[in-house]
2 protein chains.
Amino acid sequence: MAADAKVEARTARPGSPPPSAPLTERQEARRRRILHASAQLAARGGFDAVQMREVAESSQVALGTLYRYFPSKVHLLVATMQDQLEHMHGTLRKKPPTGETAAERVAETLMRAFRALQREPHLADAMVRALTFADRSVSPEVDQVSRQTTAIILDSMGLGEPGAGHPTPEQLSAVRVIEHTWHSALITWLSGRASIAQVKIDIETVCRLIDLTDPSGTAER
Amino acid sequence: MAADAKVEARTARPGSPPPSAPLTERQEARRRRILHASAQLAARGGFDAVQMREVAESSQVALGTLYRYFPSKVHLLVATMQDQLEHMHGTLRKKPPTGETAAERVAETLMRAFRALQREPHLADAMVRALTFADRSVSPEVDQVSRQTTAIILDSMGLGEPGAGHPTPEQLSAVRVIEHTWHSALITWLSGRASIAQVKIDIETVCRLIDLTDPSGTAER
DNA sequence: ATCAAGTCTGAAACTTGTTCTAGATTAGCG
DNA sequence: CGCTAATCTAGAACAAGTTTCAGACTTGAT
């Protein structure tokens, strides 16, 4: 078919550099199918249930093609996480947190995200395990996830879009620490070593760091 | 059976419940050999270099036996970490940190541990990856590692042995958050996404939480 | 000394992630 | 339209974790 001719890139290699070349419609559709199958398998069964052969089959793609799009299972799951995170960010944007202080708002946002994850614990398992198991070859993708998470947190602090105040180095470090806590607390919850209540407490605890690093009074509404 | 009377346990199943039954000398020796081989392979090559067949061969044990002692690669590496942590705790005990505040002492202790890990980055990689990748079947062992880490931190705060003050719930939460940060920061460093300096800053940042939760003035020397 | 139960060994088999190959399709282009 | 390069497919092949099995060896008890 002479169809979807134009927009095409001969040398499209979806895997290597992130969006190195624009994809044709069919390629975009394949990519979507793959991510969908991945999320679906992950949602019931977690990390182990995402088997590359099954993903390939259920997204109607040859195994080799799957590997061309996502060079490893971890790459695939991290990409799945990116996908879900975008959703989440969009959702959160619509209903911003209402707390008085920045710390409260961040905690509120993270708890909201946590509740979303609780609805699909297996999916959460697959994504988080992939994220922390990722080695250097996945760094760019993991970094992207990290930036996205940072953006969500800064947003909820009120430092997101307006471009008003640049966050101070102390604040950035606090945000990194919050992310660390967030990931690690999720892991302890997923592996059954911490209760939901404990995760909540830890998140609230770490969020207090924010007020501690507030350069002036910007944390207050 | 009135059997397995004395020191020996006929029914010794090293794997299942942690130290369910005492091991014979030869079993103890096997266990040591295995852990040693594991650490050695990990030290050069990290997680991937610890291949079960190689561990078995280089510890002079059949593959099946290796699996009887450690039911999975992750179990093996987590046990390796327990082993190393004991070392570390012993070493740290000898030279307690000297900082003025509890926060300083904890940060000092963690940075010392971090420096030790930097000497064997591959080993650190293997252990930390195993730890965060562990699923529920490894929970007891991972929990043990966590308790050991908590003990080290409480020790350096000055709440360890004396039995003087029980830590408050807030302090325990702060310690948990510190552990979260510690693990997660290690991961970002190991995967090349954060510099040593950044890890240092994050540790110092999170340790400030301690002074924040100090019930009175006990943090001061 | 002998026995029963439990352990260890060596080797093969199975599983799932990853790689490779030959041939069919598709895309961009003159 | 017809060519060429890239992509996709089906399927075999390979690697490392894990399981399984028959037989040799140990251990503690009779």
# chains A, B, ... in the order shown; residues from 1 in each chain; ligands from 1
>>> calpha_fit_rmsd(fixed="chain B", moving="chain A")
2.5 Å
>>> residues_around(residues="D:DA22", least_positions_apart="3", cutoff="12 Å", atoms="only C-alpha atoms (C1' of nucleotides)", output="list of chain:residue names")
C:DT9, C:DG10, C:DA11, C:DA12
>>> closest_atom_pairs(of="chain B", to="chain A", cutoff="9 Å", atoms="only C-alpha atoms", output="CSV")
residue,atom,partner,partner_atom,distance
B:Arg129,CA,A:Phe133,CA,6.0
B:Ala130,CA,A:Phe133,CA,8.3
B:Thr132,CA,A:Thr132,CA,6.7
B:Phe133,CA,A:Arg129,CA,6.0
B:Ala134,CA,A:Ser191,CA,7.7
B:Asp135,CA,A:Ser191,CA,5.6
B:Arg136,CA,A:Ser191,CA,4.8
B:Ser137,CA,A:Ser191,CA,8.5
B:Val138,CA,A:Ser191,CA,8.6
B:Ser139,CA,A:Arg193,CA,6.7
B:Pro140,CA,A:Arg193,CA,8.6
B:Val142,CA,A:Arg193,CA,8.7
B:Asp143,CA,A:Arg193,CA,7.1
B:Glu170,CA,A:Thr205,CA,7.9
B:Ser173,CA,A:Asp202,CA,5.8
B:Ala174,CA,A:Thr205,CA,6.7
B:Arg176,CA,A:Asp202,CA,7.2
B:Val177,CA,A:Thr181,CA,6.0
B:Ile178,CA,A:Thr181,CA,8.0
B:Glu179,CA,A:Thr181,CA,8.4
B:His180,CA,A:Thr181,CA,5.0
B:Thr181,CA,A:His180,CA,5.0
B:Trp182,CA,A:His180,CA,8.1
B:His183,CA,A:Ser184,CA,7.3
B:Ser184,CA,A:His180,CA,5.1
B:Ala185,CA,A:His180,CA,6.6
B:Ile187,CA,A:Thr132,CA,7.1
B:Thr188,CA,A:Thr132,CA,8.7
B:Leu190,CA,A:Arg136,CA,8.1
B:Ser191,CA,A:Arg136,CA,4.8
B:Gly192,CA,A:Arg136,CA,6.4
B:Arg193,CA,A:Ser139,CA,6.7
B:Gln198,CA,A:Ser173,CA,8.3
B:Ile201,CA,A:Ser173,CA,7.1
B:Asp202,CA,A:Ser173,CA,5.9
B:Ile203,CA,A:Val177,CA,8.2
B:Thr205,CA,A:Ala174,CA,6.7
B:Val206,CA,A:Val177,CA,6.6
B:Arg208,CA,A:Leu209,CA,8.0
B:Leu209,CA,A:Leu209,CA,6.8
B:Leu212,CA,A:Arg208,CA,8.8
>>> closest_atom_pairs(of="chain D", to="chain B", cutoff="12 Å", atoms="only C-alpha atoms (C1' of nucleotides)", output="CSV")
residue,atom,partner,partner_atom,distance
D:DA15,C1',B:Gln51,CA,10.8
D:DA16,C1',B:Gln51,CA,7.2
D:DG17,C1',B:Met52,CA,7.4
D:DT18,C1',B:Ser72,CA,8.0
D:DT19,C1',B:Gly64,CA,8.9
D:DT20,C1',B:Gly64,CA,9.5
D:DC21,C1',B:Gly64,CA,11.0
D:DT26,C1',B:Arg10,CA,10.2
D:DT27,C1',B:Arg10,CA,7.5
D:DG28,C1',B:Asp4,CA,7.3
D:DA29,C1',B:Ala3,CA,7.4
D:DT30,C1',B:Ala3,CA,11.3
>>> interface_residues(of="chain C", to="chain A", cutoff="12 Å", atoms="only C-alpha atoms (C1' of nucleotides)", output="list in words")
DT15, DT16, DG17, DT18, DT19, DC20, DT21, DT25, DT26, DA27, DG28 and DC29 of chain C
>>> write_last_selection(atoms="N, CA and C atoms (P, O5', C5', C4', C3', O3' and C1' of nucleotides)", output="PDB file, in the first residue's frame")
ATOM      1  P    DT C  15       8.825 -26.172  30.875  1.00  0.00           P
ATOM      2  O5'  DT C  15       9.366 -24.733  31.304  1.00  0.00           O
ATOM      3  C5'  DT C  15       9.560 -24.441  32.684  1.00  0.00           C
ATOM      4  C4'  DT C  15      10.084 -23.025  32.789  1.00  0.00           C
ATOM      5  C3'  DT C  15       9.415 -22.053  31.813  1.00  0.00           C
ATOM      6  O3'  DT C  15       9.072 -20.898  32.574  1.00  0.00           O
ATOM      7  C1'  DT C  15      11.765 -21.979  31.551  1.00  0.00           C
ATOM      8  P    DT C  16       8.004 -19.866  31.910  1.00  0.00           P
ATOM      9  O5'  DT C  16       8.960 -18.655  31.551  1.00  0.00           O
ATOM     10  C5'  DT C  16       9.772 -18.097  32.579  1.00  0.00           C
ATOM     11  C4'  DT C  16      10.839 -17.210  31.977  1.00  0.00           C
ATOM     12  C3'  DT C  16      10.332 -16.264  30.879  1.00  0.00           C
ATOM     13  O3'  DT C  16      10.993 -15.037  31.074  1.00  0.00           O
ATOM     14  C1'  DT C  16      12.119 -17.493  30.070  1.00  0.00           C
ATOM     15  P    DG C  17      10.522 -13.699  30.340  1.00  0.00           P
ATOM     16  O5'  DG C  17      11.901 -13.033  29.963  1.00  0.00           O
ATOM     17  C5'  DG C  17      12.821 -12.729  31.001  1.00  0.00           C
ATOM     18  C4'  DG C  17      14.206 -12.548  30.392  1.00  0.00           C
ATOM     19  C3'  DG C  17      14.273 -11.496  29.290  1.00  0.00           C
ATOM     20  O3'  DG C  17      15.482 -10.748  29.447  1.00  0.00           O
ATOM     21  C1'  DG C  17      15.005 -13.583  28.457  1.00  0.00           C
ATOM     22  P    DT C  18      15.743  -9.506  28.466  1.00  0.00           P
ATOM     23  O5'  DT C  18      16.520 -10.225  27.276  1.00  0.00           O
ATOM     24  C5'  DT C  18      17.793 -10.781  27.559  1.00  0.00           C
ATOM     25  C4'  DT C  18      18.426 -11.307  26.297  1.00  0.00           C
ATOM     26  C3'  DT C  18      18.354 -10.348  25.098  1.00  0.00           C
ATOM     27  O3'  DT C  18      19.678 -10.105  24.669  1.00  0.00           O
ATOM     28  C1'  DT C  18      17.754 -12.549  24.471  1.00  0.00           C
ATOM     29  P    DT C  19      19.972  -9.294  23.347  1.00  0.00           P
ATOM     30  O5'  DT C  19      20.343 -10.436  22.293  1.00  0.00           O
ATOM     31  C5'  DT C  19      21.206 -11.480  22.687  1.00  0.00           C
ATOM     32  C4'  DT C  19      21.487 -12.373  21.487  1.00  0.00           C
ATOM     33  C3'  DT C  19      21.709 -11.602  20.178  1.00  0.00           C
ATOM     34  O3'  DT C  19      22.805 -12.222  19.527  1.00  0.00           O
ATOM     35  C1'  DT C  19      19.982 -13.178  19.904  1.00  0.00           C
ATOM     36  P    DC C  20      23.366 -11.605  18.136  1.00  0.00           P
ATOM     37  O5'  DC C  20      22.829 -12.644  17.056  1.00  0.00           O
ATOM     38  C5'  DC C  20      22.710 -14.006  17.424  1.00  0.00           C
ATOM     39  C4'  DC C  20      22.285 -14.842  16.237  1.00  0.00           C
ATOM     40  C3'  DC C  20      22.494 -14.183  14.866  1.00  0.00           C
ATOM     41  O3'  DC C  20      22.975 -15.173  13.973  1.00  0.00           O
ATOM     42  C1'  DC C  20      20.195 -14.688  15.175  1.00  0.00           C
ATOM     43  P    DT C  21      23.403 -14.694  12.434  1.00  0.00           P
ATOM     44  O5'  DT C  21      22.253 -15.349  11.559  1.00  0.00           O
ATOM     45  C5'  DT C  21      21.692 -16.607  11.967  1.00  0.00           C
ATOM     46  C4'  DT C  21      20.681 -17.057  10.930  1.00  0.00           C
ATOM     47  C3'  DT C  21      20.845 -16.360   9.586  1.00  0.00           C
ATOM     48  O3'  DT C  21      20.636 -17.312   8.553  1.00  0.00           O
ATOM     49  C1'  DT C  21      18.678 -15.941  10.441  1.00  0.00           C
ATOM     50  P    DT C  25       4.331 -11.984   1.767  1.00  0.00           P
ATOM     51  O5'  DT C  25       4.266 -10.568   2.498  1.00  0.00           O
ATOM     52  C5'  DT C  25       5.396 -10.105   3.155  1.00  0.00           C
ATOM     53  C4'  DT C  25       5.080  -8.822   3.904  1.00  0.00           C
ATOM     54  C3'  DT C  25       4.293  -7.778   3.106  1.00  0.00           C
ATOM     55  O3'  DT C  25       3.561  -6.985   4.020  1.00  0.00           O
ATOM     56  C1'  DT C  25       6.529  -7.036   3.405  1.00  0.00           C
ATOM     57  P    DT C  26       2.758  -5.708   3.514  1.00  0.00           P
ATOM     58  O5'  DT C  26       3.834  -4.560   3.731  1.00  0.00           O
ATOM     59  C5'  DT C  26       4.355  -4.336   5.029  1.00  0.00           C
ATOM     60  C4'  DT C  26       5.149  -3.053   5.026  1.00  0.00           C
ATOM     61  C3'  DT C  26       4.465  -1.870   4.330  1.00  0.00           C
ATOM     62  O3'  DT C  26       4.649  -0.732   5.149  1.00  0.00           O
ATOM     63  C1'  DT C  26       6.585  -2.233   3.383  1.00  0.00           C
ATOM     64  P    DA C  27       4.039   0.666   4.739  1.00  0.00           P
ATOM     65  O5'  DA C  27       5.361   1.442   4.345  1.00  0.00           O
ATOM     66  C5'  DA C  27       6.463   1.432   5.246  1.00  0.00           C
ATOM     67  C4'  DA C  27       7.566   2.337   4.728  1.00  0.00           C
ATOM     68  C3'  DA C  27       7.057   3.627   4.076  1.00  0.00           C
ATOM     69  O3'  DA C  27       7.959   4.664   4.408  1.00  0.00           O
ATOM     70  C1'  DA C  27       8.268   2.363   2.495  1.00  0.00           C
ATOM     71  P    DG C  28       7.548   6.120   3.980  1.00  0.00           P
ATOM     72  O5'  DG C  28       8.649   6.433   2.887  1.00  0.00           O
ATOM     73  C5'  DG C  28      10.014   6.476   3.291  1.00  0.00           C
ATOM     74  C4'  DG C  28      10.898   6.630   2.080  1.00  0.00           C
ATOM     75  C3'  DG C  28      10.623   7.890   1.240  1.00  0.00           C
ATOM     76  O3'  DG C  28      11.890   8.413   0.878  1.00  0.00           O
ATOM     77  C1'  DG C  28      10.437   5.978  -0.118  1.00  0.00           C
ATOM     78  P    DC C  29      12.043   9.625  -0.110  1.00  0.00           P
ATOM     79  O5'  DC C  29      12.280   8.898  -1.500  1.00  0.00           O
ATOM     80  C5'  DC C  29      13.418   8.052  -1.683  1.00  0.00           C
ATOM     81  C4'  DC C  29      13.673   7.835  -3.159  1.00  0.00           C
ATOM     82  C3'  DC C  29      13.342   9.063  -4.026  1.00  0.00           C
ATOM     83  O3'  DC C  29      14.288   9.143  -5.067  1.00  0.00           O
ATOM     84  C1'  DC C  29      12.043   7.237  -4.731  1.00  0.00           C
TER      85       DC C  29
END
>>> atom_distance(atom1="atom CA of A:Ile153", atom2="atom CA of A:His75")
24.0 Å
>>> atom_distance(atom1="atom CA of A:Leu85", atom2="atom CA of B:Trp189")
23.0 Å
>>> atom_distance(atom1="atom CA of A:Ala126", atom2="atom CA of B:Ala126")
19.8 Å
>>> residues_around(residues="stretch 79-83 of chain A", least_positions_apart="4", cutoff="8 Å", atoms="only C-alpha atoms (C1' of nucleotides)", output="PyMOL selection string")
chain A and resi 35+38-39+75+87+127+141+144-145
>>> write_last_selection(atoms="N, CA and C atoms", output="compact mmCIF listing (two decimals), in the first residue's frame")
# COMPACT_ATOMS: atom_id res chain seq x y z
N LEU A 35 2.72 -1.59 24.45
CA LEU A 35 2.63 -1.02 25.79
C LEU A 35 1.33 -1.45 26.48
N SER A 38 1.68 -5.01 27.59
CA SER A 38 2.58 -5.04 28.74
C SER A 38 1.84 -4.65 30.02
N ALA A 39 1.12 -3.55 29.96
CA ALA A 39 0.39 -3.08 31.15
C ALA A 39 -0.65 -4.11 31.57
N HIS A 75 13.48 -2.33 29.80
CA HIS A 75 13.17 -1.16 28.98
C HIS A 75 11.65 -1.07 28.76
N HIS A 87 -0.21 9.85 32.19
CA HIS A 87 -1.60 9.79 32.61
C HIS A 87 -1.78 10.49 33.95
N MET A 127 6.24 -2.30 37.47
CA MET A 127 6.90 -1.05 37.09
C MET A 127 8.00 -0.66 38.07
N GLU A 141 16.20 6.24 30.12
CA GLU A 141 14.77 6.07 30.33
C GLU A 141 14.41 6.26 31.81
N GLN A 144 14.41 9.81 32.68
CA GLN A 144 13.21 10.47 32.18
C GLN A 144 12.05 10.30 33.18
N VAL A 145 11.90 9.09 33.69
CA VAL A 145 10.88 8.83 34.69
C VAL A 145 11.12 9.71 35.92
